[in-house]
Structures are given as C-alpha cells and as structure tokens.
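Here's the structure, in structure tokens; my notes come after.
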Amino acid sequence: MSSIDSQYLPQQVEAEAQSYWQENDSFRAVEDPSREKFYCLAMFPYPSGHLHMGHVRNYAIGDVIARFQRMQGKNVLQPMGWDAFGLPAENAAMQNKVAPAKWTYSNIDYMRQQLKRLGYAYDWSRELATCHRDYYRWEQWFFTRLFNKGLVYKKEAEVNWDPVDQTVLANEQVVDGRGWRSGALVERRSIPQWFVRISQFSQELLDDLSSLEGWPEKVKTMQSNWIGRSEGIELDFEVAGETDAALQHLSVYTTRPDTLLGVTYVAVAPQHPLAAKAAKVNRELADFINQQNNIKVAEAELATMEKLGMDTGVKAIHPISQQQVPIYVANFVLMSYGSGAVMAVPGHDQRDWEFARKYGLDIKQVIAPSSKDSICDLEQAAYIDKGVLINSGEFDGLDFQQAFEAIAQYLNAQGKGEKTINYRLRDWGVSRQRYWGAPIPMINCTACGAVPVPEEDLPVLLPEDVEFDDSGSPLGRMAEFVDVDCPQCKRPAQRETDTFDTFMESSWYYARFTCRDQNDRMLDARANYWLPVDQYIGGIEHAILHLLYARFYHKLMRDEGLVNSDEPFTRLLTQGMVLKDGAKMSKSKGNTVDPMPLIEKYGADTVRMFAMFASPPDQSLDWSDSGVEGSYRFLKRVWKTVAGHDPVACDDYAALELNDEQKKLRLKTHQTLEKITDDYARRQTFNTVIAATMELMNATTRFLDDSGSDTDRPVVQEALETAILVLAPIVPHFSHVLWNHLGHPDPIIDAPWPTVDQSALKQDMALVVLQVNGKLRDKIEVPRSIKQEDLEQLALENVAVKRFISTGTVRKVIVVPERLVNIVVN
C-alpha cells in the first residue's frame with residue numbers, strides 16, 4: 001500500500017502512471033495462440049498538427065473498450081498510426097513555404113505526444129505512417145499484382161474534377177455537387193485514369209453484409225444502396241436505316257420493363273457514336289453537342305440541372321410494337337453509365353415527362369393504378385407507381401411482376417433482350433493528379449503501353465525534399481520520373497506521375513499493423529492471428545468513403561493468399577459528433593475546443609471521463625464546460641474517499657458475518673457490477689457505467705457517514721475496489737494510483753475484471769413499495785420470507801399509509817411479493 005495525498009493532483013497522478021507504463025512497456029502486444037485475442041482499432045488520424053475533441057472522444061472510446069477487454073483476460077492489440085498523405089499537406093506547404101514531408105513529420109511528432117498525454121494504451125512499437133516508404137512499398141507491390149491479374153486498368157474517363165484542389169474526386173467524394181474537402185463546385189473532365197475493378201466484387205460485397213452482425217444497420221443499408229443491385233432487362237432498339245453494323249442497335253437497360261410499351265423516344269449521351277455520326281450532317285446538332293461537351297458539370301448535379309436535348313433526326317424501332325420513335329441527344333444521359341443510351345417513358349418517369357413536355361413529345365399511359373385511391377393525371381405529372389398494364393397489347397392486365405416475366409420471355413424469344421442484373425457501383429478510380437501521395441508503380445512506354453515496375457525496383461520513392469508551390473505536382477518535372485527505361489523493351493519511357501488516392505492507404509493499414517516490422521512481405525502469419533479486427537471505431541461519414549473500400553481491399557488480399565478471412569471488421573461502432581451550441585465543431589465556425597488547456601487544468605482523466613459521460617458513444621455529444629467541471633468534482637470526491645479509507649485485506653466476503661446495512665452495501669456493489677459489466681460488453685454505453693458508479697459511491701459515502709466500526713471496513717473495501725476497477729478503462733491514471741493505495745502491489749492494468757458474487761445479490765431483506773390507489777406513499781424493508789397476510793397488516797398499519805386510508809373504505813389489497821403493496825380505497 002502506498003500513502004497518497006488526500007487532494008487529487010491530476011498532473012502528478014498521470015505522470016506517475018504514464019512513467020510506469022513506459023518503463024514496463026505495458027501495452028506491447030505479443031502474439032499468443034494459447035490466448036483469445038482482441039484487436040481494437042480506432043480509425044487513424046490525419047496528422048493535421050493538433051488533436052480536437054472529436055479525436056479525443058473517438059480514441060477514448062477505443063481505449064475504454066481495449067482496456068476492458070484486457071481485464072477480461074484477452075490478448076489485446078491496440079495500435080496507432082497516421083493517414084499521412086493528402087491535400088492538406090500540399091496546401092500547408094504552399095501557405096507556409098515548407099515541404100509537405102517536413103510539415104507532416106513535424107505534426108506527427110506533436111500529435112504523438114498529445115496522444116500519449118491522454119494515456120491511450122497503444123502499442124507504439126507498431127506505429128506506422130502511410131507516407132513511409134516501407135508502408136507504400138507494399139501497396140505498390142500489391143497494385144502490380146492486381147495489374148497482372150487483370151484487376152487494374154487505365155482508360156480515358158469522365159471524372160469529377162475539383163478546380164480548387166486540382167485533382168480528380170471519386171463519386172463518393174462529391175457532396176451536393178461540391179468537393180468534399182474544398183467545397184468547390186465540381187466539374188466534369190475527361191482524362192486518363194487508373195481503375196481497380198471493384199465492380200467485379202459487387203455481389204460478394206452485398207452478400208457479405210449479412211455476415212456483419214456487429215455493424216449498425218444504418219451503415220449496412222448505406223453500403224447496400226451504394227452498391228445498388230437491380231434486376232432488369234437489357235434490350236435492343238434497332239436503328240432505322242443504319243448501315244454501320246456498330247450502330248445498328250441501341251442497347252438500353254431498364255428495371256421497369258412493364259413500361260416498355262410506353263416508350264415514345266430514346267435518349268443518347270452527347271458523346272455517343274450515333275450522336276457524333278448524326279452531327280456530321282447536322283450543324284445545329286454538332287453545335288449543341290459541342291456546347292454540352294464543354295459544360296463542366298458534376299454528375300451529382302445532373303438530377304437538378306435543366307434538361308436539354310436535340311433531335312438527331314434518326315429513328316429507333318420499338319422491339320415489340322415496331323413503331324419508330326425519335327432518338328434525342330440529351331444532357332442527362334452519361335456515356336459512362338451503361339451503353340450511354342436510355343429508353344424514355346414520359347408517362348411513368350418524371351425526368352422523361354419533363355423532357356417530353358419541353359420538346360412536345362408524346363406522353364403515353366401504359367400503367368393504370370391498381371388501387372382506387374391512386375390518381376393518375378399525366379397532364380400534371382408522370383405516374384411512377386407500379387400498377388396494372390394498359391395500352392400494351394397482349395400484356396394488358398398484368399401486374400408488374402407478371403409483366404416483367406412475360407416481356408422478358410418475349411424479348412428473349414425474339415433475340416432482342418434478356419434478364420440481367422446491374423449494379424450502381426462502378427470501378428474505383430485511384431489516380432490523383434497530386435504530389436503528396438504514393439507514386440503509382442507503372443511506366444508508360446510508347447511501344448509497350450503501361451508496364452508495371454519490376455518488384456526488385458520497388459518502392460518507387462516519392463521525393464520528399466522538394467520546393468512546393470501552386471504550379472501543381474513537381475513529379476512531371478523530375479528526371480527520375482520523366483527519364484526512365486521501359487522494363488520490357490528498354491526504350492526511353494516515363495514513370496506514371498499520378499499518385500494514389502489516399503483511400504488506397506487507408507484501405508489496408510489495419511492489416512499492416514499486425515506485422516509492421518515485416519520487411520520482406522506485405523503481410524505474414526501474424527495477420528491471420530490478429531485479423532479480423534474485433535472492434536473498429538470511427539465516424540459514420542466513412543460508411544462509403546472508407547469502409548466499402550476496406551472491405552473490397554480485404555477480399556483482394558484474401559484472394560492473393562495474404563489473409564484467410566472474408567471481412568476486415570467484425571464489430572463497428574460509429575461514434576456521434578462533438579457539438580457546441582448545437583452545431584458541429586469546426587475551425588470555419590470558430591467553435592472548436594482545444595483539449596490541451598483542459599488537460600493542463602483538469603487532467604487527461606477528467607477530459608476522458610467527460611467525453612464518455614456526456615452521451616452514449618453512438619450519439620452526438622454536446623460540449624459543456626460545466627460538464628467537464630462536474631467530472632472533475634466527481635473524481636476529486638472519489639479520490640478523497642479512497643484516500644481516507646484504511647485498506648483491509650479480505651479474500652472471502654461471503655463468509656463474513658454481516659449486519660443488514662453491510663449486506664445492503666454488498667448488494668449495491670454487486671448489482672452495480674452486474675449492470676456495468678453488461679454496459680461495457682454488450683451495450684457499449686459508457687455514460688451509464690459512470691452514472692452507475694456514481695450511485696455506488698453515493699451509497700458508499702452514506703454508509704461511511706453512518707458507520708464507525710472496524711467491521712465495516714471489508715465491505716467498504718470491496719465497494720471501493722469495485723468502483724476503481726470498473727472506472728479503470730475510463731480513467732486509467734486515476735485508477736492506477738488508487739488501486740495501489742488500496743493495497744494491491746500489482747498494477748490495475750493486470751487486474752482481472754471483478755466477478756459478481758451471486759450470494760451478495762440474494763439478500764434476506766426486500767424493499768417493498770407501499771401505494772394507496774396506485775400512488776407511492778412509503779417504502780419499507782421486510783424479510784423476504786414474510787407471509788402475505790403479515791405484509792398486508794404492516795402496510796395497513798404504516799403511519800404514512802394510514803393518513804390516506806383513514807377517511808375511506810379499503811376495498812382491496814394487492815400484493816406483489818418482495819415488490820409492492822397497493823391498497824385500493826374509495
């Protein structure tokens with residue numbers, strides 16, 4: 001036992017605990033097949049230079065879970081690293097006239113110390129940064145493997161272009177038509193891009209969502225919608241009078257074949273070959289197409305922009321009716337989606353209806369409402385619900401499903417169409433026209449095309465000592481990139497100067513943590529010991545941007561034989577945002593709270609406790625200065641209580657001869673422990689852990705106020721030990737010192753989780769509520785063995801009850817054993 005000051009001095013306490021952890025390498029994780037492992041991981045941060053309260057909360061949640069699982073006897077891995085590539089470093093380099101590498105490494109050093117100050121139980125021996133050569137080397141190696149397997153390709157593609165950040169954005173990175181980082185309106189451009197074939201894994205990514213029982217349903221729904229599986233029919237419209245074999249048929253895909261007889265025009269993209277051919281003999285059409293091609297509009301804006309089009313003068317022949325319908329060039333059709341052509345049913349699609357009204361095209365009703373309550377007025381809007389077919393010849397009277405099957409069979413028999421499955425998910429564009437990223441390991445040769453860099457020449461290093469300005473990536477001006485030999489033909493060639501999208505790095509870092517010191521391979525056997533991650537923590541904003549890519553990358557690594565699991569993350573916790581005055585904290589709003597001054601004033605444990613106490617982890621946290629002060633006051637009160645307790649050793653509490661008050665304290669202790677264990681393990685509601693511990697401490701201090709006997713010390717010892725043990729994952733420094741004071745020479749991080757004593761829960765006395773006409777009038781303690789008639793008599797003679805029954809007549813007495821007596825009076 002150590003003697004401690006009765007005053008809580010957080011800086012001194014935290015220095016003592018952290019010194020012990022560092023000297024004893026307390027958090028180093030070592031593989032041990034004889035023990036159950038637990039891999040706990042919070043999404044790693046971008047090294048911006050300063051932690052914010054969102055970081056503190058996110059990493060505190062992970063640390064609480066990791067420390068709890070360690071106390072359950074599991075072999076716990078909790079690593080930390082840095083998502084170090086990306087645009088902010090380039091922007092900072094231009095502003096501060098410092099190389100992105102120097103800025104990044106400096107920030108990492110500072111933030112590492114901030115994290116250590118907060119006492120997170122990280123195995124720092126596994127620290128990695130995605131900008132380190134020994135990390136992105138293996139990412140480059142893996143990319144060349146994917147290229148050789150045909151899972152990587154390069155093509156000219158229309159992309160989302162951020163004019164401020166001067167780079168391509170994935171569809172997922174465009175939010176309301178604007179770049180997710182810059183906020184600039186996104187444009188459409190056509191440039192060569194590298195892609196990974198995530199679309200080949202669409203169905204597997206969709207199917208395996210059902211195995212993720214530990215994921216929030218909201219996240220799984222978001223991913224399912226993004227993958228966007230649909231069943232439909234791919235069918236052909238013959239182009240009337242066309243002699244070019246490549247242009248004789250327009251292939252379209254529809255999920256509503258029941259509306260097929262309502263087609264009154266076909267629309268093609270401005271870039272469609274049929275449009276280009278028609279434009280050769282139609283100057284007005286050529287001008288319209290050129291105008292549309294020069295409009296740089298983001299794909300996300302297509303739904304709201306004005307629908308424009310022009311008749312090509314060419315006709316399409318309907319595959320069933322054989323009627324000819326006009327073919328229009330339309331600005332809402334994308335060449336990058338499907339075949340670049342769509343069938344238009346203005347009677348039953350609102351976009352098609354608006355276009356038809358604008359250009360005076362026919363609007364035909366072929367679906368009638370199946371319910372009398374539905375209204376179909378095509379003068380006002382398209383009728384988009386499913387119903388019963390009309391004006392559709394032999395298909396009249398069929399409902400949606402019947403029509404789907406019948407029309408599919410008809411088209412298939414005519415060789416004009418077939419049922420097919422489509423996905424919204426498109427291949428992952430991984431090229432970025434930026435400097436501060438991992439170089440794409442390809443060489444562009446005029447004779448051989450794109451050639452992967454040989455394994456022995458990896459990594460392709462990113463030069464770090466550069467002068468960076470706003471003229472763009474310097475890689476295209478560096479000799480080591482523009483003056484190389486082709487590995488195949490040995491002729492002069494150029495390295496690829498695009499770098500990887502940073503989501504490439506964040507899609508597999510969790511696996512590299514398991515064997516960060518492996519220099520000969522991307523991963524080794526340790527990956528299969530630790531993976532999948534048992535608990536992953538991060539914001540729901542990453543549901544598509546990051547989590548879908550990580551799931552895909554894991555399957556790629558599985559197919560390469562690097563891991564033997566199908567999914568990377570078993571359980572996912574998406575923490576809520578930190579709000580101030582009801583708004584999300586952000587630098588732009590000027591409402592951020594720097595955690596470091598709070599740590600200096602109150603200590604890291606106070607900040608950790610407030611972050612856990614203010615709300616459940618998956619809900620938003622409203623910042624409160626008074627809440628921080630309240631957490632500090634509670635810790636001071638617990639400290640003073642424990643410091644004033646004279647410890648006593650007791651191995652068998654159940655064998656003690658206890659009086660009723662001592663039994664009640666033991667009951668409260670073990671009721672609290674039972675609840676808190678469930679809060680930690682199943683519910684993950686750490687705010688209720690703290691609330692329940694506060695109640696236990698209140699009960700303990702009330703007991704101490706009424707006690708004075710040495711025979712009370714054992715039950716007080718048990719209550720205080722339990723309180724400190726259950727608080728240890730949340731306030732580890734605080735608990736480290738107090739555990740030692742309570743007489744334990746071994747550190748609390750090596751202490752097992754306490755077990756509930758069932759005998760303590762089986763008390764001789766029960767607290768019974770007394771009611772009159774359903775309203776609470778008193779509470780009494782009675783022996784559990786009391787007879788019902790005796791309990792009724794006690795209730796009727798109770799002073800508080802008598803006041804409410806003296807002027808009436810008792811009609812009934814309702815007894816719920818060990819819980820309540822309700823006296824009905826009128």
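Letters A, B, ... mark the chains of the structure tokens in the order given; residue numbers begin at 1 per chain; ligand numbers begin at 1, in order shown.
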Checklist entry - In stretch 486-544 of chain A, what's helix (DSSP H, G or I) per DSSP? Answer as JSON, numbers by chain? => result {"A": [502, 503, 504, 505, 506, 509, 510, 511, 512, 513, 514, 515, 525, 526, 527, 528, 529, 530, 540, 541, 542]}
Next on the checklist: Need to verify the contact set: stretch 706-719 of chain A, 7 Å, only C-alpha atoms, exclusion of same-chain residues closer than 4 positions in sequence. Can you return it as a PyMOL selection string?
Outcome noted: chain A and resi 647-648+650+662+665-666+669+700+702+723
From a backbone DSSP assignment, name each residue in stretch 482-663 of chain A labelled strand (DSSP E or B), as a tab-separated table (two decimals) with C-alpha atoms, in the first residue's frame.
chain	number	residue	atom	x	y	z
A	484	VAL	CA	13.48	6.03	-67.34
A	485	ASP	CA	13.79	2.92	-69.46
A	492	PRO	CA	13.07	5.55	-73.17
A	493	ALA	CA	9.82	5.85	-71.22
A	494	GLN	CA	8.22	7.82	-68.41
A	495	ARG	CA	7.02	6.90	-64.97
A	499	THR	CA	-0.26	9.29	-57.22
A	500	PHE	CA	-2.70	7.04	-55.41
A	533	VAL	CA	-10.36	-6.51	-36.27
A	534	ASP	CA	-12.70	-7.32	-33.38
A	535	GLN	CA	-13.77	-3.74	-32.72
A	536	TYR	CA	-13.48	-0.83	-35.17
A	537	ILE	CA	-14.42	2.73	-34.20
A	569	PHE	CA	-14.00	-5.63	-39.18
A	570	THR	CA	-16.22	-7.83	-37.00
A	571	ARG	CA	-17.85	-5.13	-34.91
A	572	LEU	CA	-18.26	-1.48	-35.84
A	573	LEU	CA	-19.07	1.45	-33.57
A	578	VAL	CA	-18.99	16.62	-30.86
A	579	LEU	CA	-21.28	19.65	-30.92
A	580	LYS	CA	-21.03	23.10	-29.39
A	583	ALA	CA	-23.52	22.87	-34.12
A	584	LYS	CA	-20.69	20.61	-35.20
A	621	LEU	CA	-22.02	14.92	-27.59
A	622	ASP	CA	-22.97	18.47	-26.61
Item to check | Closest of A:Val563, A:Val451, A:Ala99, A:Val252 to A:Ala267 - atom-to-atom distances counting only C-alpha atoms | outcome: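 Among the listed residues, A:Val252 lies closest to A:Ala267.
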Item to check | Residues within 10 Å of A:Lys802, only C-alpha atoms, excluding chain neighbours under 6 positions, as a PyMOL selection string | outcome: chain A and resi 772+777+795-796
Item to check | A:Ala278 surroundings by only C-alpha atoms, 10 Å radius, close-in-sequence under 5 positions cut, as a list of chain:residue names | outcome: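 Result of the neighbour search: A:Pro273, A:Arg283, A:Leu285, A:Ala286, A:Asp311, A:Thr312, A:Gly313, A:Val314, A:Val329.
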Checklist entry - For A:Ser759, which of A:Lys97, A:Lys663, A:Arg558, A:Lys74 is the closest residue, counting only C-alpha atoms? => result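 Of A:Lys97, A:Lys663, A:Arg558, A:Lys74, the one nearest A:Ser759, counting only C-alpha atoms, is A:Lys663.
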